[in-house]
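Colleague: One structure, pasted below without further comment.
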Amino acid sequence: MKTCLLVLLTAGLLSCAEAQKSTLKVDPEWELSQEEWQERLSEMEFYVLRLKGTERAFTGEYWDNKEDGIYYCRACGLELFDSKTKYKSGTGWPSFWDPISKKNIAIEKDYAMGIIRKEVLCDRCGGHLGHVFPDGPKPTGLRYCLNSVSLNFLPREEVKEE
Ligand SMILES: [Zn+2]
């Protein structure tokens with residue numbers, strides 16, 4: 001009887017761990033303490049990128065940016081989104097239907113606010129970018145709803161070829 005209970009408990013714990021499994025693989029070089037991040041980032045950047053806050057709609061730098069170029073992670077500089085996949089969502093946050101590379105972002109389940117949402121993170125530094133919702137345009141049907149303050153935009157002509 002005891003063994004049976006133990007098996008059940010273990011199975012329960014395992015499935016729980018499975019549900020919270022993340023794809024995030026922070027680069028060891030970017031594993032900084034909250035204090036180190038606080039020194040590097042502005043108050044608003046720290047609030048959103050490290051404390052998973054959200055900027056107020058229609059207040060960010062890029063929600064209405066129609067320029068051609070690349071959006072980088074504000075914290076570590078990794079290229080994340082291309083303006084070619086940016087679209088007008090009407091939400092007041094910069095919205096994209098696809099990242100430049102799925103390897104550069106991580107998706108985690110977010111249980112805050114009493115609903116399950118999918119959080120979008122920078123896969124190199126673990127910075128919080130925003131959330132992804134299944135109500136975007138074709139061809140992906142996804143809406144990556146991001147915070148301007150998590151991003152850094154560079155016009156196409158200033159993008160350095162690597
Ligand atoms: Zn980053």
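Ordering of the structure tokens sets the chain letters (A, B, ...); residue numbers start at 1 within each chain; ligands are numbered from 1 in the order shown.
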Counting only C-alpha atoms and all ligand atoms, what are the residues, protein, DNA or RNA alike, that approach ligand 1 to within 7 Å? I want them as a list in words.
Modeller: Cys73, Arg74, Ala75, Cys76, Gly77, Leu78, Cys122, Asp123, Arg124, Cys125, Gly126 and Gly127 of chain A
Colleague: Need the shell around range 102-115 of chain A: protein/DNA/RNA residues with any atom at most 9 Å away, counting only C-alpha atoms. Skip same-chain ones fewer than 6 positions apart. Format as an mmCIF file with N, CA and C atoms, in the first residue's frame?
Modeller:
data_model
loop_
_atom_site.group_PDB
_atom_site.id
_atom_site.type_symbol
_atom_site.label_atom_id
_atom_site.label_comp_id
_atom_site.auth_asym_id
_atom_site.auth_seq_id
_atom_site.Cartn_x
_atom_site.Cartn_y
_atom_site.Cartn_z
ATOM 1 N N ALA A 19 5.147 19.685 -16.667
ATOM 2 C CA ALA A 19 4.289 20.796 -17.067
ATOM 3 C C ALA A 19 5.037 22.129 -17.025
ATOM 4 N N GLN A 20 6.012 22.203 -16.129
ATOM 5 C CA GLN A 20 6.715 23.474 -15.994
ATOM 6 C C GLN A 20 8.057 23.494 -16.726
ATOM 7 N N LYS A 21 8.276 22.445 -17.522
ATOM 8 C CA LYS A 21 9.541 22.366 -18.240
ATOM 9 C C LYS A 21 9.685 23.564 -19.178
ATOM 10 N N SER A 22 10.855 24.126 -19.175
ATOM 11 C CA SER A 22 11.086 25.321 -19.975
ATOM 12 C C SER A 22 12.100 25.035 -21.063
ATOM 13 N N THR A 23 12.040 25.806 -22.134
ATOM 14 C CA THR A 23 13.010 25.642 -23.200
ATOM 15 C C THR A 23 14.180 26.599 -22.995
ATOM 16 N N LEU A 24 14.106 27.399 -21.946
ATOM 17 C CA LEU A 24 15.109 28.439 -21.719
ATOM 18 C C LEU A 24 16.484 27.855 -21.393
ATOM 19 N N LYS A 25 17.498 28.311 -22.167
ATOM 20 C CA LYS A 25 18.874 27.885 -21.896
ATOM 21 C C LYS A 25 19.737 29.139 -21.819
ATOM 22 N N LEU A 78 21.026 40.291 -28.449
ATOM 23 C CA LEU A 78 20.742 39.197 -29.398
ATOM 24 C C LEU A 78 19.634 39.631 -30.365
ATOM 25 N N GLU A 79 19.802 39.305 -31.658
ATOM 26 C CA GLU A 79 18.756 39.702 -32.608
ATOM 27 C C GLU A 79 17.535 38.811 -32.414
ATOM 28 N N LEU A 80 16.363 39.438 -32.345
ATOM 29 C CA LEU A 80 15.167 38.687 -31.988
ATOM 30 C C LEU A 80 14.062 38.742 -33.045
ATOM 31 N N LEU A 121 10.731 34.788 -23.763
ATOM 32 C CA LEU A 121 11.976 35.246 -23.151
ATOM 33 C C LEU A 121 13.106 35.241 -24.156
ATOM 34 N N CYS A 122 14.110 36.063 -23.911
ATOM 35 C CA CYS A 122 15.334 36.001 -24.698
ATOM 36 C C CYS A 122 16.064 34.746 -24.250
ATOM 37 N N ASP A 123 16.441 33.888 -25.215
ATOM 38 C CA ASP A 123 17.047 32.609 -24.833
ATOM 39 C C ASP A 123 18.501 32.766 -24.389
ATOM 40 N N ARG A 124 19.113 33.923 -24.646
ATOM 41 C CA ARG A 124 20.516 34.087 -24.249
ATOM 42 C C ARG A 124 20.653 34.627 -22.827
ATOM 43 N N GLY A 126 17.733 35.347 -20.773
ATOM 44 C CA GLY A 126 16.567 35.057 -19.945
ATOM 45 C C GLY A 126 15.690 36.271 -19.683
ATOM 46 N N HIS A 131 4.530 38.200 -24.240
ATOM 47 C CA HIS A 131 3.773 36.949 -24.310
ATOM 48 C C HIS A 131 3.427 36.646 -25.769
ATOM 49 N N VAL A 132 3.110 35.380 -26.020
ATOM 50 C CA VAL A 132 2.671 34.996 -27.365
ATOM 51 C C VAL A 132 1.249 34.437 -27.275
#
Colleague: If we count only C-alpha atoms, what is near range 51-53 of chain A at a cut-off of 10 Å, once residues fewer than 3 positions away on the same chain are taken out, given as a ChimeraX atom specification?
Modeller: /A:34,44-48,56,119,121,127-130,147
Colleague: Would you export the selected residues with C-alpha atoms as a PDB file, in the first residue's frame, please?
Modeller:
ATOM      1  CA  GLN A  34      19.512  40.655  -9.960  1.00  0.00           C
ATOM      2  CA  MET A  44      11.925  50.447 -16.372  1.00  0.00           C
ATOM      3  CA  GLU A  45      14.123  47.980 -18.264  1.00  0.00           C
ATOM      4  CA  PHE A  46      14.828  46.100 -15.013  1.00  0.00           C
ATOM      5  CA  TYR A  47      11.143  46.084 -14.093  1.00  0.00           C
ATOM      6  CA  VAL A  48      10.119  44.505 -17.404  1.00  0.00           C
ATOM      7  CA  ARG A  56       1.571  50.459 -20.300  1.00  0.00           C
ATOM      8  CA  GLU A 119       5.742  33.983 -21.789  1.00  0.00           C
ATOM      9  CA  LEU A 121      11.976  35.246 -23.151  1.00  0.00           C
ATOM     10  CA  GLY A 127      15.127  38.563 -20.201  1.00  0.00           C
ATOM     11  CA  HIS A 128      11.330  38.816 -20.240  1.00  0.00           C
ATOM     12  CA  LEU A 129      10.094  40.107 -23.603  1.00  0.00           C
ATOM     13  CA  GLY A 130       6.327  39.648 -23.460  1.00  0.00           C
ATOM     14  CA  ASN A 147       7.399  45.329 -24.531  1.00  0.00           C
TER      15      ASN A 147
END
Colleague: Which polymer residues have any atom within 6 Å of an atom of Asp68 in chain A, counting only C-alpha atoms, with same-chain residues fewer than 3 positions away left out, as a list in words?
Modeller: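 Returned residues: Ser83, Pro155 and Arg156 of chain A.
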Colleague: Using N, CA and C atoms, can you write the selected residues to a file as a JSON list (two decimals), in the first residue's frame?
Modeller:
[["chain", "number", "residue", "atom", "x", "y", "z"],
["A", 83, "SER", "N", 11.51, 43.63, -38.64],
["A", 83, "SER", "CA", 10.33, 44.48, -38.90],
["A", 83, "SER", "C", 9.44, 43.87, -40.00],
["A", 155, "PRO", "N", 17.77, 50.54, -37.53],
["A", 155, "PRO", "CA", 17.34, 50.59, -38.93],
["A", 155, "PRO", "C", 18.20, 49.68, -39.79],
["A", 156, "ARG", "N", 17.60, 49.12, -40.85],
["A", 156, "ARG", "CA", 18.27, 48.12, -41.69],
["A", 156, "ARG", "C", 19.67, 48.56, -42.14]]
Colleague: Identify all residues of chain A in helix (DSSP H, G or I) (DSSP on the backbone) and supply them as JSON, numbers by chain.
Modeller: {"A": [2, 3, 4, 5, 6, 7, 8, 9, 10, 11, 12, 13, 14, 15, 16, 17, 18, 19, 28, 29, 30, 34, 35, 36, 37, 38, 39, 40, 43, 44, 45, 46, 47, 48, 49, 83, 84, 85, 102, 103, 104, 112, 113, 114, 148, 149, 150, 156, 157, 158]}
Colleague: Check range 83-141 of chain A with DSSP on the backbone and list each residue it calls strand (DSSP E), as a list of chain:residue names.
Modeller: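 Selection result, strand (DSSP E) within range 83-141 of chain A: A:Lys86, A:Tyr87, A:Ser95, A:Phe96, A:Ile105, A:Ala106, A:Ile107, A:Glu108, A:Lys109, A:Asp110, A:Arg117, A:Lys118, A:Glu119, A:Val120, A:Leu121, A:Cys122, A:His128, A:Leu129, A:Gly130, A:His131, A:Val132, A:Phe133.
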Colleague: So the first atom is CA of Glu67 in chain A and the second is CA of Trp37 in chain A; what is the distance between them in Å, to one decimal place?
Modeller: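 The value is 29.2 Å.
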Colleague: Report, in Å to a single decimal, how far apart CA of Gln38 in chain A and CA of Lys118 in chain A are.
Modeller: 25.0 Å
Colleague: So the first atom is CA of Lys84 in chain A and the second is CA of Ser101 in chain A; what is the distance between them in Å, to one decimal place?
Modeller: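 Pair CA of Lys84 in chain A / CA of Ser101 in chain A returns 13.3 Å.
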Colleague: Using only C-alpha atoms, find the one residue out of A:Trp30, A:Tyr62, A:Trp97, A:Tyr87 that sits nearest to Pro139 in chain A.
Modeller: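 Smallest separation from Pro139 in chain A among the options: A:Trp97.
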Colleague: Counting only C-alpha atoms, which residue out of A:Phe81, A:Phe133, A:Tyr144, A:Trp93 sits closest to Asp64 in chain A?
Modeller: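 The shortest atom-to-atom distance to Asp64 in chain A comes from A:Trp93.
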Colleague: Find the spatial neighbours of range 158-160 of chain A, counting only C-alpha atoms, within a cut-off of 12 Å - ignore same-chain residues fewer than 6 positions away - and output them as a ChimeraX atom specification.
Modeller: /A:68-72,79,82,152
Colleague: Could you list, as a ChimeraX atom specification, every residue within 10 Å of Gly60 in chain A, counting only C-alpha atoms and ignoring same-chain residues fewer than 6 positions away?
Modeller: /A:92-94,146-150
Colleague: Would you export the selected residues with N, CA and C atoms as an mmCIF file, in the first residue's frame, please?
Modeller:
data_model
loop_
_atom_site.group_PDB
_atom_site.id
_atom_site.type_symbol
_atom_site.label_atom_id
_atom_site.label_comp_id
_atom_site.auth_asym_id
_atom_site.auth_seq_id
_atom_site.Cartn_x
_atom_site.Cartn_y
_atom_site.Cartn_z
ATOM 1 N N GLY A 92 -1.261 48.377 -28.812
ATOM 2 C CA GLY A 92 -0.419 49.366 -28.144
ATOM 3 C C GLY A 92 0.941 48.829 -27.734
ATOM 4 N N TRP A 93 1.216 47.582 -28.136
ATOM 5 C CA TRP A 93 2.534 46.979 -27.924
ATOM 6 C C TRP A 93 3.065 46.506 -29.277
ATOM 7 N N PRO A 94 4.395 46.567 -29.466
ATOM 8 C CA PRO A 94 4.936 46.039 -30.716
ATOM 9 C C PRO A 94 4.570 44.558 -30.870
ATOM 10 N N LEU A 146 5.058 42.169 -27.438
ATOM 11 C CA LEU A 146 6.298 42.453 -26.698
ATOM 12 C C LEU A 146 6.303 43.838 -26.073
ATOM 13 N N ASN A 147 7.190 44.024 -25.145
ATOM 14 C CA ASN A 147 7.399 45.329 -24.531
ATOM 15 C C ASN A 147 8.496 46.062 -25.309
ATOM 16 N N SER A 148 8.235 47.323 -25.661
ATOM 17 C CA SER A 148 9.261 48.112 -26.362
ATOM 18 C C SER A 148 10.535 48.186 -25.540
ATOM 19 N N VAL A 149 10.372 48.304 -24.234
ATOM 20 C CA VAL A 149 11.519 48.520 -23.353
ATOM 21 C C VAL A 149 12.429 47.289 -23.270
ATOM 22 N N SER A 150 11.949 46.132 -23.735
ATOM 23 C CA SER A 150 12.777 44.924 -23.787
ATOM 24 C C SER A 150 13.583 44.862 -25.077
#
Colleague: Which residue is closest to Lys66 in chain A? Choose from A:Thr54, A:Arg117, A:Lys88, A:Leu49 and count only C-alpha atoms.
Modeller: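 Closest candidate: A:Lys88.
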Colleague: Can you work out which one of A:Pro134, A:Arg40, A:Arg143, A:Leu154 has the shortest atom-to-atom distance to Ser89 in chain A, counting only C-alpha atoms?
Modeller: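 Looking at the shortest contact to Ser89 in chain A, the residue is A:Arg143.
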